[in-house]
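Engineer: Got input-v5.txt for you, compact mmCIF, C-alpha atoms:
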# COMPACT_ATOMS: atom_id res chain seq x y z
CA MET A 1 19.08 22.50 -14.64
CA LYS A 2 15.77 21.87 -12.90
CA ASP A 3 15.62 20.53 -9.37
CA LYS A 4 15.15 16.84 -8.83
CA ILE A 5 14.04 14.75 -5.86
CA THR A 6 15.29 11.18 -5.71
CA MET A 7 13.94 8.48 -3.43
CA THR A 8 14.96 4.87 -3.14
CA ILE A 9 12.75 2.19 -1.62
CA PRO A 10 13.39 -1.50 -1.13
CA ASN A 11 11.78 -3.54 -3.91
CA ALA A 12 8.93 -4.97 -1.83
CA ALA A 13 5.14 -4.61 -1.76
CA GLU A 14 5.00 -3.01 1.68
CA TYR A 15 6.97 0.06 0.55
CA VAL A 16 4.87 0.92 -2.52
CA ALA A 17 2.45 2.99 -0.42
CA ILE A 18 5.33 5.22 0.70
CA ALA A 19 6.27 5.95 -2.93
CA ARG A 20 2.62 6.68 -3.77
CA LEU A 21 2.17 9.08 -0.89
CA THR A 22 5.45 10.87 -1.66
CA ALA A 23 4.26 11.37 -5.24
CA THR A 24 1.02 12.98 -4.00
CA VAL A 25 2.97 15.43 -1.83
CA ILE A 26 5.21 16.41 -4.75
CA ALA A 27 2.28 16.76 -7.19
CA ASN A 28 0.46 18.88 -4.61
CA THR A 29 3.51 21.13 -4.22
CA GLN A 30 3.57 21.55 -8.01
CA GLY A 31 0.00 22.83 -7.97
CA PHE A 32 -1.94 19.94 -9.50
CA ASP A 33 -5.61 19.68 -8.57
CA ILE A 34 -7.10 16.90 -6.46
CA GLU A 35 -8.21 14.71 -9.36
CA GLU A 36 -4.85 15.02 -11.12
CA ILE A 37 -3.03 14.21 -7.88
CA GLU A 38 -5.18 11.10 -7.48
CA ASP A 39 -4.35 10.04 -11.08
CA ILE A 40 -0.63 10.54 -10.41
CA LYS A 41 -0.88 8.54 -7.18
CA VAL A 42 -2.51 5.59 -8.95
CA ALA A 43 -0.05 5.69 -11.86
CA ILE A 44 3.02 5.77 -9.59
CA GLY A 45 1.51 2.91 -7.57
CA GLU A 46 1.04 0.82 -10.72
CA ALA A 47 4.56 1.54 -11.97
CA CYS A 48 5.97 0.46 -8.59
CA ASN A 49 3.74 -2.64 -8.65
CA ASN A 50 5.29 -3.50 -11.98
CA ALA A 51 8.77 -3.10 -10.48
CA VAL A 52 7.88 -5.32 -7.52
CA MET A 53 6.45 -8.01 -9.80
CA HIS A 54 9.47 -8.04 -12.10
CA GLY A 55 12.11 -7.05 -9.55
CA LYS A 56 14.63 -9.14 -7.70
CA ASN A 57 14.63 -9.71 -3.97
CA SER A 58 16.92 -7.41 -1.99
CA SER A 59 17.14 -4.87 -4.80
CA ASN A 60 15.79 -1.32 -4.90
CA ILE A 61 13.35 0.86 -6.79
CA THR A 62 14.55 4.38 -7.53
CA LEU A 63 12.15 7.24 -8.19
CA ASP A 64 13.51 10.44 -9.74
CA PHE A 65 10.99 13.26 -9.56
CA HIS A 66 11.94 16.06 -11.98
CA LEU A 67 10.45 19.32 -10.80
CA ASP A 68 9.71 20.78 -14.23
CA GLU A 69 7.30 23.67 -14.50
CA GLY A 70 3.90 22.82 -15.90
CA ARG A 71 4.30 19.07 -15.77
CA PHE A 72 4.87 16.14 -13.46
CA LEU A 73 7.71 13.87 -14.60
CA VAL A 74 8.97 10.84 -12.73
CA GLU A 75 11.37 8.08 -13.74
CA ILE A 76 10.91 4.80 -11.91
CA THR A 77 13.81 2.39 -12.24
CA ASP A 78 14.11 -1.15 -10.93
CA GLU A 79 16.97 -3.60 -10.88
CA GLY A 80 14.89 -6.54 -12.01
CA ASP A 81 15.09 -8.92 -14.92
CA GLY A 82 13.19 -6.62 -17.23
CA PHE A 83 10.28 -7.71 -19.35
CA LYS A 84 9.49 -7.68 -23.04
CA PHE A 85 7.39 -4.56 -23.46
CA GLU A 86 6.93 -5.40 -27.17
CA GLU A 87 5.02 -8.46 -26.03
CA TYR A 88 2.69 -6.41 -23.87
CA SER A 89 -0.86 -6.47 -25.11
CA GLU A 90 -3.83 -4.66 -23.67
CA PRO A 91 -5.81 -6.81 -21.28
CA VAL A 92 -8.96 -8.57 -22.39
CA LEU A 93 -11.28 -8.47 -19.42
CA GLU A 94 -13.21 -11.61 -20.29
CA ALA A 95 -10.00 -13.62 -20.29
CA TYR A 96 -8.21 -11.64 -17.61
CA GLU A 97 -5.40 -13.43 -15.87
CA GLY A 98 -4.02 -10.61 -13.79
CA ARG A 99 -1.42 -9.17 -16.16
CA GLY A 100 -1.30 -5.96 -18.12
CA LEU A 101 -4.05 -4.10 -16.31
CA GLY A 102 -1.57 -1.89 -14.42
CA LEU A 103 0.09 -0.53 -17.56
CA PHE A 104 -3.32 0.00 -19.13
CA ILE A 105 -4.35 2.10 -16.11
CA ILE A 106 -1.14 4.17 -16.32
CA LYS A 107 -1.69 4.86 -20.04
CA THR A 108 -5.22 6.03 -19.32
CA LEU A 109 -4.32 8.35 -16.44
CA MET A 110 -1.05 9.89 -17.64
CA ASP A 111 -0.27 11.98 -20.74
CA ASP A 112 2.82 9.97 -21.59
CA MET A 113 4.47 6.71 -20.55
CA ILE A 114 7.85 5.55 -21.81
CA VAL A 115 9.01 2.03 -20.95
CA GLU A 116 12.65 1.10 -21.42
CA SER A 117 13.33 -2.50 -20.57
CA GLY A 118 16.17 -4.76 -21.53
CA MET A 119 16.07 -8.41 -20.53
CA GLY A 120 18.39 -8.65 -17.54
CA ASN A 121 18.92 -4.90 -17.29
CA GLY A 122 15.94 -3.83 -15.27
CA THR A 123 13.18 -1.50 -16.35
CA ARG A 124 12.75 2.25 -16.39
CA ILE A 125 9.25 3.68 -16.68
CA THR A 126 8.94 7.42 -17.31
CA LEU A 127 5.58 8.98 -16.52
CA ILE A 128 4.50 12.46 -17.55
CA LYS A 129 1.38 14.40 -16.69
CA ASN A 130 0.92 17.93 -17.98
CA LYS A 131 -0.84 20.53 -15.92
CA GLU A 132 -4.21 21.47 -17.40
CA MET Y 1 -2.71 2.82 5.12
CA SER Y 2 -3.19 -0.90 5.39
CA LEU Y 3 -6.40 -2.79 4.67
CA SER Y 4 -8.91 -3.80 7.30
CA ILE Y 5 -11.21 -6.69 6.32
CA ASP Y 6 -14.37 -7.30 8.32
CA VAL Y 7 -16.49 -10.29 7.29
CA LYS Y 8 -19.87 -11.46 8.50
CA TYR Y 9 -22.62 -13.71 7.17
CA ASN Y 10 -26.05 -12.09 6.97
CA GLU Y 11 -28.50 -14.91 7.75
CA LYS Y 12 -31.50 -12.86 6.63
CA LYS Y 13 -30.10 -11.89 3.24
CA GLU Y 14 -28.13 -15.13 2.98
CA ASN Y 15 -25.01 -13.36 1.81
CA TRP Y 16 -21.54 -12.48 2.98
CA GLU Y 17 -20.97 -8.85 3.90
CA VAL Y 18 -17.38 -7.77 3.51
CA ASP Y 19 -16.36 -4.36 4.88
CA LEU Y 20 -13.13 -3.00 3.42
CA VAL Y 21 -11.37 -0.02 5.01
CA GLY Y 22 -8.05 1.46 3.88
CA ASP Y 23 -5.96 0.58 0.82
CA LEU Y 24 -6.57 -2.47 -1.39
CA ASP Y 25 -3.21 -2.67 -3.11
CA ILE Y 26 -0.30 -4.96 -3.93
CA ASN Y 27 0.46 -5.30 -0.23
CA SER Y 28 -3.04 -6.39 0.84
CA SER Y 29 -4.64 -8.04 -2.21
CA VAL Y 30 -3.29 -11.55 -1.50
CA THR Y 31 -4.61 -11.43 2.07
CA LEU Y 32 -8.05 -10.42 0.78
CA LYS Y 33 -8.04 -13.10 -1.89
CA ASP Y 34 -7.18 -15.81 0.66
CA ARG Y 35 -9.83 -14.55 3.07
CA LEU Y 36 -12.53 -14.55 0.37
CA ASN Y 37 -11.69 -18.06 -0.77
CA GLU Y 38 -11.77 -19.16 2.87
CA ILE Y 39 -15.30 -17.84 3.47
CA LEU Y 40 -16.60 -19.23 0.17
CA ASP Y 41 -15.13 -22.63 1.03
CA GLN Y 42 -17.08 -22.35 4.26
CA ARG Y 43 -20.28 -21.35 2.46
CA GLU Y 44 -20.84 -20.57 -1.23
CA ALA Y 45 -23.04 -17.47 -1.20
CA ASP Y 46 -23.44 -14.00 -2.71
CA ILE Y 47 -20.99 -11.35 -1.55
CA ALA Y 48 -21.69 -7.68 -0.86
CA PHE Y 49 -18.63 -5.45 -0.50
CA LYS Y 50 -19.17 -2.33 1.57
CA ILE Y 51 -16.37 -0.04 0.50
CA ARG Y 52 -17.43 3.45 1.61
CA ASP Y 53 -14.17 3.75 3.54
CA LEU Y 54 -11.93 2.14 0.95
CA ALA Y 55 -9.50 4.93 0.04
CA TYR Y 56 -7.54 3.25 -2.74
CA ILE Y 57 -7.67 0.34 -5.17
CA ASP Y 58 -5.08 -0.76 -7.75
CA SER Y 59 -4.82 -3.37 -10.50
CA THR Y 60 -3.97 -6.16 -8.05
CA GLY Y 61 -7.17 -5.34 -6.11
CA LEU Y 62 -9.14 -5.43 -9.36
CA GLY Y 63 -7.49 -8.78 -10.09
CA VAL Y 64 -8.94 -10.16 -6.84
CA MET Y 65 -12.40 -8.90 -7.81
CA ILE Y 66 -12.17 -10.49 -11.27
CA SER Y 67 -11.08 -13.89 -10.01
CA LEU Y 68 -13.78 -13.76 -7.34
CA LEU Y 69 -16.37 -12.94 -10.00
CA ASN Y 70 -15.23 -15.98 -12.00
CA ARG Y 71 -15.62 -18.23 -8.97
CA LEU Y 72 -19.05 -16.81 -8.09
CA ASP Y 73 -20.25 -17.11 -11.71
CA LYS Y 74 -19.33 -20.79 -11.75
CA ASN Y 75 -21.43 -21.35 -8.66
CA GLU Y 76 -24.30 -19.14 -9.86
CA LYS Y 77 -23.69 -16.62 -7.10
CA ALA Y 78 -23.45 -12.85 -7.40
CA MET Y 79 -21.39 -10.00 -6.05
CA VAL Y 80 -22.11 -6.32 -5.56
CA ILE Y 81 -19.86 -3.40 -4.67
CA MET Y 82 -21.53 -0.79 -2.51
CA ASP Y 83 -20.78 2.92 -2.08
CA PRO Y 84 -17.37 3.36 -3.69
CA GLN Y 85 -15.64 6.73 -3.34
CA GLU Y 86 -15.28 8.70 -6.58
CA ASN Y 87 -11.57 7.87 -7.05
CA VAL Y 88 -12.21 4.14 -6.55
CA LEU Y 89 -15.22 4.19 -8.89
CA LYS Y 90 -13.03 5.89 -11.51
CA ILE Y 91 -10.65 2.89 -11.56
CA PHE Y 92 -13.58 0.51 -12.12
CA LYS Y 93 -14.84 2.75 -14.93
CA ILE Y 94 -11.59 3.28 -16.86
CA THR Y 95 -10.91 -0.46 -16.86
CA GLY Y 96 -14.46 -1.27 -17.95
CA LEU Y 97 -15.04 -3.42 -14.86
CA ASP Y 98 -18.15 -1.39 -14.02
CA LYS Y 99 -19.71 -3.19 -17.00
CA VAL Y 100 -19.17 -6.66 -15.55
CA ILE Y 101 -19.37 -6.02 -11.81
CA LYS Y 102 -22.54 -4.66 -10.22
CA ILE Y 103 -21.84 -1.41 -8.41
CA SER Y 104 -24.42 0.39 -6.30
CA LYS Y 105 -24.38 3.65 -4.45
CA GLU Y 106 -26.63 4.34 -1.47
CA GLY Y 107 -28.98 1.62 -2.64
CA GLU Y 108 -29.09 2.94 -6.21
CA SER Y 109 -27.56 0.95 -9.04
CA ILE Y 110 -24.94 2.81 -11.08
CA GLU Y 111 -25.23 2.22 -14.77
CA GLY Y 112 -21.87 1.86 -16.50
Please re-express this file's structure in structure tokens.

Structural biologist:
Amino acid sequence: MKDKITMTIPNAAEYVAIARLTATVIANTQGFDIEEIEDIKVAIGEACNNAVMHGKNSSNITLDFHLDEGRFLVEITDEGDGFKFEEYSEPVLEAYEGRGLGLFIIKTLMDDMIVESGMGNGTRITLIKNKE
Amino acid sequence: MSLSIDVKYNEKKENWEVDLVGDLDINSSVTLKDRLNEILDQREADIAFKIRDLAYIDSTGLGVMISLLNRLDKNEKAMVIMDPQENVLKIFKITGLDKVIKISKEGESIEG
């Protein structure tokens, strides 16, 4: 079994930067280049933003970093109400109301994004970036 | 890093100059939005963002820029973003916002 690093942060906006910075340290350790590390940082930030927006007060966000060779894989799990991913549509800039842009950014920057969300059961977002 | 917001009105250019240093993210975007609405309530004018030392921007920061653009458009005012770092510029580009927001680097306009 591969090694794994788990971190738990309170589900609040002021802790998202800590998760982002931790992700950059791990990606750096795994040998990603500067641009890839920056992409990973933004994607983890957006996934945590999503957790904060949909999460409950006084709950946590858990990040499981799987130290696989050749790729960056993180699972980000919140204890929120979940959201209907099927209803997600890509943002239309002209009519932008502040929703959906974060997931769009993640999809652009990462090689894979898996969203598992059940109403009332929280959300798990898995992000994968392969090393070039 | 948190966000530092420095605002002044340039009487000669008749615009607001807003210096942003640090991270514009989910933890600072509401503060920036409130501050911008405050200064525009005080005086409706063009806004120039100087963001050479802005290290990070996320979707909530972009959201502030979009709602600001809507307000400025309504009042026939303009905004410009000056000297973004490469990583910040990339976020504007992948979201297509560089097509609707004027971005300039060292006085040169960047075509989207």

Engineer: For Y:Thr95, work out the shell of residues within 8 Å, counting only C-alpha atoms and skipping chain neighbours fewer than 3 positions away, then give it as a PyMOL selection string.

Structural biologist: (chain A and resi 101+104-105) or (chain Y and resi 91-92+98)

Engineer: Out of A:Gly122, A:Gly45, A:Gly55, A:Pro10, which residue has the shortest atom-to-atom distance to Y:Asp23 when counting only C-alpha atoms?

Structural biologist: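 Going through A:Gly122, A:Gly45, A:Gly55, A:Pro10 one by one, the smallest distance to Y:Asp23 is for A:Gly45.
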
Engineer: How close does chain Y get to chain A? List, as CSV, each residue of chain Y within 12 Å, its nearest atom pair and the distance in Å to one decimal, counting only C-alpha atoms.

Structural biologist:
residue,atom,partner,partner_atom,distance
Y:Met1,CA,A:Ala17,CA,7.6
Y:Ser2,CA,A:Ala17,CA,9.0
Y:Leu3,CA,A:Ala17,CA,11.7
Y:Gly22,CA,A:Ala17,CA,11.4
Y:Asp23,CA,A:Ala17,CA,8.8
Y:Leu24,CA,A:Ala17,CA,10.6
Y:Asp25,CA,A:Ala17,CA,8.4
Y:Ile26,CA,A:Ala13,CA,5.9
Y:Asn27,CA,A:Ala13,CA,5.0
Y:Ser28,CA,A:Glu14,CA,8.8
Y:Ser29,CA,A:Ala13,CA,10.4
Y:Val30,CA,A:Ala13,CA,10.9
Y:Ala55,CA,A:Glu38,CA,10.6
Y:Tyr56,CA,A:Val42,CA,8.3
Y:Ile57,CA,A:Val42,CA,8.3
Y:Asp58,CA,A:Val42,CA,7.0
Y:Ser59,CA,A:Gly102,CA,5.3
Y:Thr60,CA,A:Gly98,CA,7.3
Y:Gly61,CA,A:Gly98,CA,9.8
Y:Leu62,CA,A:Gly98,CA,8.5
Y:Gly63,CA,A:Gly98,CA,5.4
Y:Val64,CA,A:Gly98,CA,8.5
Y:Met65,CA,A:Gly98,CA,10.4
Y:Ile66,CA,A:Tyr96,CA,7.6
Y:Ser67,CA,A:Glu97,CA,8.2
Y:Leu68,CA,A:Tyr96,CA,11.9
Y:Leu69,CA,A:Glu94,CA,10.8
Y:Asn70,CA,A:Glu94,CA,9.6
Y:Glu86,CA,A:Glu35,CA,9.7
Y:Asn87,CA,A:Glu38,CA,7.2
Y:Val88,CA,A:Glu38,CA,9.9
Y:Lys90,CA,A:Asp39,CA,9.6
Y:Ile91,CA,A:Ile105,CA,7.8
Y:Phe92,CA,A:Ile105,CA,10.2
Y:Lys93,CA,A:Ile105,CA,10.6
Y:Ile94,CA,A:Thr108,CA,7.4
Y:Thr95,CA,A:Ile105,CA,7.1
Y:Gly96,CA,A:Leu93,CA,8.0
Y:Leu97,CA,A:Leu93,CA,7.8
Y:Asp98,CA,A:Leu93,CA,11.2
Y:Lys99,CA,A:Leu93,CA,10.2
Y:Val100,CA,A:Leu93,CA,9.0
Y:Ile101,CA,A:Leu93,CA,11.4

Engineer: Can you pull out the residues contacting stretch 11-18 of chain Y? Cut-off 12 Å, using only C-alpha atoms, and skip same-chain residues under 4 positions away; I want them as a PDB file with C-alpha atoms, in the coordinates of the input.

Structural biologist:
ATOM      1  CA  SER Y   4      -8.910  -3.800   7.300  1.00  0.00           C
ATOM      2  CA  ILE Y   5     -11.210  -6.690   6.320  1.00  0.00           C
ATOM      3  CA  ASP Y   6     -14.370  -7.300   8.320  1.00  0.00           C
ATOM      4  CA  VAL Y   7     -16.490 -10.290   7.290  1.00  0.00           C
ATOM      5  CA  LEU Y  32      -8.050 -10.420   0.780  1.00  0.00           C
ATOM      6  CA  ARG Y  35      -9.830 -14.550   3.070  1.00  0.00           C
ATOM      7  CA  LEU Y  36     -12.530 -14.550   0.370  1.00  0.00           C
ATOM      8  CA  ASN Y  37     -11.690 -18.060  -0.770  1.00  0.00           C
ATOM      9  CA  GLU Y  38     -11.770 -19.160   2.870  1.00  0.00           C
ATOM     10  CA  ILE Y  39     -15.300 -17.840   3.470  1.00  0.00           C
ATOM     11  CA  LEU Y  40     -16.600 -19.230   0.170  1.00  0.00           C
ATOM     12  CA  GLN Y  42     -17.080 -22.350   4.260  1.00  0.00           C
ATOM     13  CA  ARG Y  43     -20.280 -21.350   2.460  1.00  0.00           C
ATOM     14  CA  GLU Y  44     -20.840 -20.570  -1.230  1.00  0.00           C
ATOM     15  CA  ALA Y  45     -23.040 -17.470  -1.200  1.00  0.00           C
ATOM     16  CA  ASP Y  46     -23.440 -14.000  -2.710  1.00  0.00           C
ATOM     17  CA  ILE Y  47     -20.990 -11.350  -1.550  1.00  0.00           C
ATOM     18  CA  ALA Y  48     -21.690  -7.680  -0.860  1.00  0.00           C
ATOM     19  CA  PHE Y  49     -18.630  -5.450  -0.500  1.00  0.00           C
ATOM     20  CA  LYS Y  50     -19.170  -2.330   1.570  1.00  0.00           C
ATOM     21  CA  ILE Y  51     -16.370  -0.040   0.500  1.00  0.00           C
ATOM     22  CA  ARG Y  52     -17.430   3.450   1.610  1.00  0.00           C
ATOM     23  CA  ASP Y  53     -14.170   3.750   3.540  1.00  0.00           C
ATOM     24  CA  LEU Y  54     -11.930   2.140   0.950  1.00  0.00           C
ATOM     25  CA  LYS Y  77     -23.690 -16.620  -7.100  1.00  0.00           C
ATOM     26  CA  ALA Y  78     -23.450 -12.850  -7.400  1.00  0.00           C
ATOM     27  CA  MET Y  79     -21.390 -10.000  -6.050  1.00  0.00           C
ATOM     28  CA  VAL Y  80     -22.110  -6.320  -5.560  1.00  0.00           C
ATOM     29  CA  ILE Y  81     -19.860  -3.400  -4.670  1.00  0.00           C
ATOM     30  CA  MET Y  82     -21.530  -0.790  -2.510  1.00  0.00           C
TER      31      MET Y  82
END

Engineer: Can you work out which one of A:Ile76, A:Asn57, A:Ile44, A:Leu67 has the shortest atom-to-atom distance to A:Lys107, counting all atoms listed in the file?

Structural biologist: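 Distance minimum relative to A:Lys107 lands on A:Ile44.
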
Engineer: Could you name the residues that touch A:Ile40 at 8 Å or less, counting only C-alpha atoms, but leaving out those on the same chain fewer than 4 positions away, as a PDB file with C-alpha atoms, in the frame of the given file?

Structural biologist:
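File part_15.pdb, as written:
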ATOM      1  CA  ALA A  23       4.260  11.370  -5.240  1.00  0.00           C
ATOM      2  CA  THR A  24       1.020  12.980  -4.000  1.00  0.00           C
ATOM      3  CA  ALA A  27       2.280  16.760  -7.190  1.00  0.00           C
ATOM      4  CA  GLU A  36      -4.850  15.020 -11.120  1.00  0.00           C
ATOM      5  CA  ILE A  44       3.020   5.770  -9.590  1.00  0.00           C
ATOM      6  CA  LEU A 109      -4.320   8.350 -16.440  1.00  0.00           C
ATOM      7  CA  MET A 110      -1.050   9.890 -17.640  1.00  0.00           C
ATOM      8  CA  LYS A 129       1.380  14.400 -16.690  1.00  0.00           C
TER       9      LYS A 129
END

Engineer: Just the residues within 8 Å of A:Thr8, please, counting only C-alpha atoms, with nothing from its chain fewer than 3 positions along; format it as a VMD selection string.

Structural biologist: chain A and resid 60 to 63

Engineer: Which value, in Å to one decimal, gives the distance between atom CA of A:Met113 and atom CA of A:Met7?

Structural biologist: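 Calculated distance between atom CA of A:Met113 and atom CA of A:Met7 is 19.6 Å.
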
Engineer: Could you check how far atom CA of A:Gly70 sits from atom CA of A:Lys131, in Å to one decimal?

Structural biologist: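 We find that atom CA of A:Gly70 and atom CA of A:Lys131 lie 5.3 Å from each other.
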
Engineer: For a test of reading the model, state the distance in Å between atom CA of A:Asp68 and atom CA of A:Glu116, rounded to one decimal.

Structural biologist: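 For atom CA of A:Asp68 relative to atom CA of A:Glu116, the distance reads 21.2 Å.
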
Engineer: Rank nothing, just name the residue among A:Ile114, A:Asp78, A:Ala47, A:Asp64 nearest to A:Arg20, using only C-alpha atoms.

Structural biologist: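 Between A:Ile114, A:Asp78, A:Ala47, A:Asp64, the residue approaching A:Arg20 most closely is A:Ala47.
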
Engineer: With all atoms listed in the file as the atoms that count, which of A:Ile37, A:Thr6, A:Phe65, A:Met119 lies nearest to A:Glu79?

Structural biologist: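 The answer is A:Met119, which sits nearest to A:Glu79.
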
Engineer: Some atoms are absent from stretch 58-84 of chain Y, so rebuild N, CA and C atoms and return them as a PDB file, in the coordinates of the input.

Structural biologist:
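What ended up in out-v7.pdb:
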ATOM      1  N   ASP Y  58      -5.966  -0.702  -6.582  1.00  0.00           N
ATOM      2  CA  ASP Y  58      -5.080  -0.760  -7.750  1.00  0.00           C
ATOM      3  C   ASP Y  58      -5.376  -2.006  -8.572  1.00  0.00           C
ATOM      4  N   SER Y  59      -4.553  -2.262  -9.578  1.00  0.00           N
ATOM      5  CA  SER Y  59      -4.820  -3.370 -10.500  1.00  0.00           C
ATOM      6  C   SER Y  59      -4.797  -4.731  -9.796  1.00  0.00           C
ATOM      7  N   THR Y  60      -4.003  -4.867  -8.744  1.00  0.00           N
ATOM      8  CA  THR Y  60      -3.970  -6.160  -8.050  1.00  0.00           C
ATOM      9  C   THR Y  60      -5.290  -6.375  -7.284  1.00  0.00           C
ATOM     10  N   GLY Y  61      -5.855  -5.275  -6.771  1.00  0.00           N
ATOM     11  CA  GLY Y  61      -7.170  -5.340  -6.110  1.00  0.00           C
ATOM     12  C   GLY Y  61      -8.254  -5.698  -7.116  1.00  0.00           C
ATOM     13  N   LEU Y  62      -8.178  -5.101  -8.304  1.00  0.00           N
ATOM     14  CA  LEU Y  62      -9.140  -5.430  -9.360  1.00  0.00           C
ATOM     15  C   LEU Y  62      -9.000  -6.899  -9.751  1.00  0.00           C
ATOM     16  N   GLY Y  63      -7.752  -7.374  -9.770  1.00  0.00           N
ATOM     17  CA  GLY Y  63      -7.490  -8.780 -10.090  1.00  0.00           C
ATOM     18  C   GLY Y  63      -8.210  -9.719  -9.132  1.00  0.00           C
ATOM     19  N   VAL Y  64      -8.231  -9.354  -7.845  1.00  0.00           N
ATOM     20  CA  VAL Y  64      -8.940 -10.160  -6.840  1.00  0.00           C
ATOM     21  C   VAL Y  64     -10.434 -10.182  -7.149  1.00  0.00           C
ATOM     22  N   MET Y  65     -10.960  -9.005  -7.506  1.00  0.00           N
ATOM     23  CA  MET Y  65     -12.400  -8.900  -7.810  1.00  0.00           C
ATOM     24  C   MET Y  65     -12.765  -9.751  -9.026  1.00  0.00           C
ATOM     25  N   ILE Y  66     -11.892  -9.736 -10.044  1.00  0.00           N
ATOM     26  CA  ILE Y  66     -12.170 -10.490 -11.270  1.00  0.00           C
ATOM     27  C   ILE Y  66     -12.129 -11.996 -10.998  1.00  0.00           C
ATOM     28  N   SER Y  67     -11.137 -12.440 -10.247  1.00  0.00           N
ATOM     29  CA  SER Y  67     -11.080 -13.890 -10.010  1.00  0.00           C
ATOM     30  C   SER Y  67     -12.216 -14.338  -9.090  1.00  0.00           C
ATOM     31  N   LEU Y  68     -12.621 -13.448  -8.189  1.00  0.00           N
ATOM     32  CA  LEU Y  68     -13.780 -13.760  -7.340  1.00  0.00           C
ATOM     33  C   LEU Y  68     -15.045 -13.876  -8.198  1.00  0.00           C
ATOM     34  N   LEU Y  69     -15.199 -12.923  -9.119  1.00  0.00           N
ATOM     35  CA  LEU Y  69     -16.370 -12.940 -10.000  1.00  0.00           C
ATOM     36  C   LEU Y  69     -16.439 -14.245 -10.791  1.00  0.00           C
ATOM     37  N   ASN Y  70     -15.280 -14.713 -11.260  1.00  0.00           N
ATOM     38  CA  ASN Y  70     -15.230 -15.980 -12.000  1.00  0.00           C
ATOM     39  C   ASN Y  70     -15.691 -17.142 -11.132  1.00  0.00           C
ATOM     40  N   ARG Y  71     -15.226 -17.154  -9.873  1.00  0.00           N
ATOM     41  CA  ARG Y  71     -15.620 -18.230  -8.970  1.00  0.00           C
ATOM     42  C   ARG Y  71     -17.126 -18.178  -8.680  1.00  0.00           C
ATOM     43  N   LEU Y  72     -17.629 -16.963  -8.413  1.00  0.00           N
ATOM     44  CA  LEU Y  72     -19.050 -16.810  -8.090  1.00  0.00           C
ATOM     45  C   LEU Y  72     -19.924 -17.198  -9.285  1.00  0.00           C
ATOM     46  N   ASP Y  73     -19.509 -16.768 -10.480  1.00  0.00           N
ATOM     47  CA  ASP Y  73     -20.250 -17.110 -11.710  1.00  0.00           C
ATOM     48  C   ASP Y  73     -20.415 -18.615 -11.866  1.00  0.00           C
ATOM     49  N   LYS Y  74     -19.305 -19.327 -11.617  1.00  0.00           N
ATOM     50  CA  LYS Y  74     -19.330 -20.790 -11.750  1.00  0.00           C
ATOM     51  C   LYS Y  74     -20.349 -21.418 -10.832  1.00  0.00           C
ATOM     52  N   ASN Y  75     -20.522 -20.799  -9.655  1.00  0.00           N
ATOM     53  CA  ASN Y  75     -21.430 -21.350  -8.660  1.00  0.00           C
ATOM     54  C   ASN Y  75     -22.796 -20.653  -8.658  1.00  0.00           C
ATOM     55  N   GLU Y  76     -23.037 -19.882  -9.731  1.00  0.00           N
ATOM     56  CA  GLU Y  76     -24.300 -19.140  -9.860  1.00  0.00           C
ATOM     57  C   GLU Y  76     -24.591 -18.246  -8.665  1.00  0.00           C
ATOM     58  N   LYS Y  77     -23.541 -17.607  -8.173  1.00  0.00           N
ATOM     59  CA  LYS Y  77     -23.690 -16.620  -7.100  1.00  0.00           C
ATOM     60  C   LYS Y  77     -23.316 -15.249  -7.655  1.00  0.00           C
ATOM     61  N   ALA Y  78     -23.660 -14.204  -6.900  1.00  0.00           N
ATOM     62  CA  ALA Y  78     -23.450 -12.850  -7.400  1.00  0.00           C
ATOM     63  C   ALA Y  78     -22.631 -12.012  -6.428  1.00  0.00           C
ATOM     64  N   MET Y  79     -22.066 -10.934  -6.938  1.00  0.00           N
ATOM     65  CA  MET Y  79     -21.390 -10.000  -6.050  1.00  0.00           C
ATOM     66  C   MET Y  79     -21.839  -8.574  -6.374  1.00  0.00           C
ATOM     67  N   VAL Y  80     -21.789  -7.721  -5.356  1.00  0.00           N
ATOM     68  CA  VAL Y  80     -22.110  -6.320  -5.560  1.00  0.00           C
ATOM     69  C   VAL Y  80     -21.103  -5.476  -4.769  1.00  0.00           C
ATOM     70  N   ILE Y  81     -20.763  -4.334  -5.338  1.00  0.00           N
ATOM     71  CA  ILE Y  81     -19.860  -3.400  -4.670  1.00  0.00           C
ATOM     72  C   ILE Y  81     -20.661  -2.173  -4.289  1.00  0.00           C
ATOM     73  N   MET Y  82     -20.663  -1.859  -2.992  1.00  0.00           N
ATOM     74  CA  MET Y  82     -21.530  -0.790  -2.510  1.00  0.00           C
ATOM     75  C   MET Y  82     -20.752   0.449  -2.058  1.00  0.00           C
ATOM     76  N   ASP Y  83     -21.247   1.596  -2.513  1.00  0.00           N
ATOM     77  CA  ASP Y  83     -20.780   2.920  -2.080  1.00  0.00           C
ATOM     78  C   ASP Y  83     -19.285   3.191  -2.275  1.00  0.00           C
ATOM     79  N   PRO Y  84     -18.771   3.006  -3.476  1.00  0.00           N
ATOM     80  CA  PRO Y  84     -17.370   3.360  -3.690  1.00  0.00           C
ATOM     81  C   PRO Y  84     -17.169   4.875  -3.686  1.00  0.00           C
TER      82      PRO Y  84
END
